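Novice: One structure, as structure tokens, below. Some questions next.
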Amino acid sequence: MESIKISAPAKINLHLQITSRRSDGFHNIVSLFQMISLYDELEIGLSNTDSIGLTGSFNCSPENNLIYRAAEILKRNYGIREGVSINCRKNIPSGGGLGGGSSDAAATLTGLNLLFKLNISKQELSSYALELGSDVPFFLGSSTAVAQSRGEVLTPVESRDDLTLLLIETFINSSTEDAFNSLDLSRTAEELTENMIMDTFKERKPSNWPFFNTFTPNLFGKYPVFKDMVQLLNDNGSEFSNVTGTGSSVFGVFSNATQAEIACKSLKKLNIRVHKLKMLANRPRAVYN
């Protein structure tokens, strides 16, 4: 029986500025989204029932999972009567600020579109993605993008393949809701424009990037381990380090791959869970099994 295998990559926020609160309860952002080489692996196929079968290690019931909800949307809107079987092998840490659930949802939309030969346009698929979450549309497009509005207004950015990334899992259970509630938007820094982000990302060394994360000061105060991990990355040669999203992952960017490898080994000796990764230049393609 034909099935689709698809890799769902994680992402980091190289820059994340919260600019204002919206009347709909969401927040306006200016961010630089970057896919990275850490993946969940999904296999999507037909089943002998008319239902959605979902297996994997999740922190919620299948019916509340974004993968299940993505499949529901397409079955409902396209009158799909056949059942689908979806298995997800999780590698992206849950609650790590890495967009794993959103990426899984986008991969499900992509996989089902191919499996059932629905020929859904990218624009329509993105509208379904936005129903599932503000950053889900990103995972349908360019591997690097400036995100604005809720995160769904995306401008592709030329990717860089000359940089290596170290990603640290802190295992801190940081609350996104608390992080937003703690923001004082009256004291936000000057907003980086789309062109400024695109130009500096492409042309400057990471050590000269003006990027920041609005949440970082409060996170450093509430969870000192974040500050400690950023300092540790810097001490080991990282040229740009920060928390991604509202935590709990911390990343460091290296221009020198050899230095990144040395730093990775040093951190592992301290029993720190660290991954040596690349910034993706292209979104992974689905593969027929």
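Order determines the names: the first chain of the structure tokens is A, the second B, and so forth; residues in each chain are numbered 1 upward, and ligands are numbered 1 upward as they are shown.
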Let's see if you can do this: from backbone DSSP, list all strand (DSSP E or B) residues in segment 104-268 of chain A, as an MDAnalysis selection string.

Specialist: chainID A and resid 144:149 153:156 164:169 213 240:243 249:254

Novice: For segment 23-40 of chain A, find every residue with an atom within 8 Å (counting only C-alpha atoms), except residues of its own chain fewer than 2 positions away, and show them as an MDAnalysis selection string.

Specialist: chainID A and resid 7:21 42 88:92 100 104 138 143:151 191:194 197 277:280 283

Novice: DSSP on the backbone, alpha helix (DSSP H) only: what residues of segment 90-247 of chain A does that give? Format it as a ChimeraX atom specification.

Specialist: /A:100-115,122-132,176-181,194-203,216-222,224-235

Novice: Of the residues A:Leu125, A:Val136, A:Val230, A:Leu219, which is the one nearest to Asn77 of chain A, using only C-alpha atoms?

Specialist: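 Going through A:Leu125, A:Val136, A:Val230, A:Leu219 one by one, the smallest distance to Asn77 of chain A is for A:Leu125.
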
Novice: Give one line per residue of segment 82-157 of chain A that approaches segment 242-260 of chain A to at most 9 Å, naming the two atoms of the closest pair and their distance in Å to one decimal, counting only C-alpha atoms; sort by chain then ascending residue number and deliver it as JSON lines.

Specialist:
{"residue": "A:Pro93", "atom": "CA", "partner": "A:Ser249", "partner_atom": "CA", "distance": 8.7}
{"residue": "A:Gly95", "atom": "CA", "partner": "A:Ser248", "partner_atom": "CA", "distance": 6.6}
{"residue": "A:Gly96", "atom": "CA", "partner": "A:Ser248", "partner_atom": "CA", "distance": 4.5}
{"residue": "A:Gly97", "atom": "CA", "partner": "A:Gly245", "partner_atom": "CA", "distance": 5.0}
{"residue": "A:Leu98", "atom": "CA", "partner": "A:Thr244", "partner_atom": "CA", "distance": 7.2}

Novice: Pick out the residues sitting within 9 Å of Ala107 of chain A, and hand them over as JSON, numbers by chain; count only C-alpha atoms, and ignore anything fewer than 5 positions along from it in its own chain.

Specialist: {"A": [6, 7, 8, 42, 67, 102, 112, 139, 140, 286]}

Novice: Could you jot down the atom CA of Glu82 of chain A to atom CA of Asp50 of chain A separation for me, Å, one decimal place?

Specialist: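 Going from atom CA of Glu82 of chain A over to atom CA of Asp50 of chain A, I get 4.9 Å.
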
Novice: How many Å separate atom CA of Leu115 of chain A from atom CA of Gly79 of chain A?

Specialist: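 Value for the atom CA of Leu115 of chain A-atom CA of Gly79 of chain A distance: 14.4 Å.
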
Novice: When you look at segment 265-271 of chain A with a cut-off of 9 Å (counting only C-alpha atoms), what residues show up, excluding the ones that are within fewer than 4 positions of it in the same chain? I need them as an MDAnalysis selection string.

Specialist: chainID A and resid 232:233 236 260:261

Novice: Let's have the selection written as a PDB file, in the first residue's frame, with C-alpha atoms.

Specialist:
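Just written: result_1.pdb:
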ATOM      1  CA  LEU A 232      28.633  28.707  28.230  1.00  0.00           C
ATOM      2  CA  LEU A 233      28.082  28.755  24.459  1.00  0.00           C
ATOM      3  CA  ASN A 236      33.099  27.982  23.872  1.00  0.00           C
ATOM      4  CA  ALA A 260      31.573  24.099  16.785  1.00  0.00           C
ATOM      5  CA  GLU A 261      32.670  20.446  16.951  1.00  0.00           C
TER       6      GLU A 261
END

Novice: Mind checking which residues fall within 10 Å of Tyr288 of chain A, counting only C-alpha atoms, ignoring those fewer than 5 positions away in the same chain, and posting them as a list of chain:residue names?

Specialist: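 Counting only C-alpha atoms, the residues come to A:Glu2, A:Ser3, A:Ile4, A:Lys5, A:Ile6, A:Glu43, A:Ile44, A:Gly45, A:Gly111, A:Leu114, A:Leu115.
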
Novice: In Å, with one decimal, what is the gap from atom CA of Thr170 of chain A to atom CA of Pro210 of chain A?

Specialist: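 Atom-to-atom, atom CA of Thr170 of chain A and atom CA of Pro210 of chain A are spaced 24.7 Å apart.
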
Novice: Of the residues A:Thr200, A:Ser127, A:Thr214, A:Ser85, which is the one nearest to Glu158 of chain A, using only C-alpha atoms?

Specialist: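 Using only C-alpha atoms, the shortest distance to Glu158 of chain A belongs to A:Thr200.
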
Novice: Find the spatial neighbours of Glu131 of chain A, counting only C-alpha atoms, within a cut-off of 12 Å - ignore same-chain residues fewer than 4 positions away - and output them as number ranges by chain.

Specialist: A: 66, 69-70, 72-74, 102, 105-106, 109, 124-127, 135-137, 152
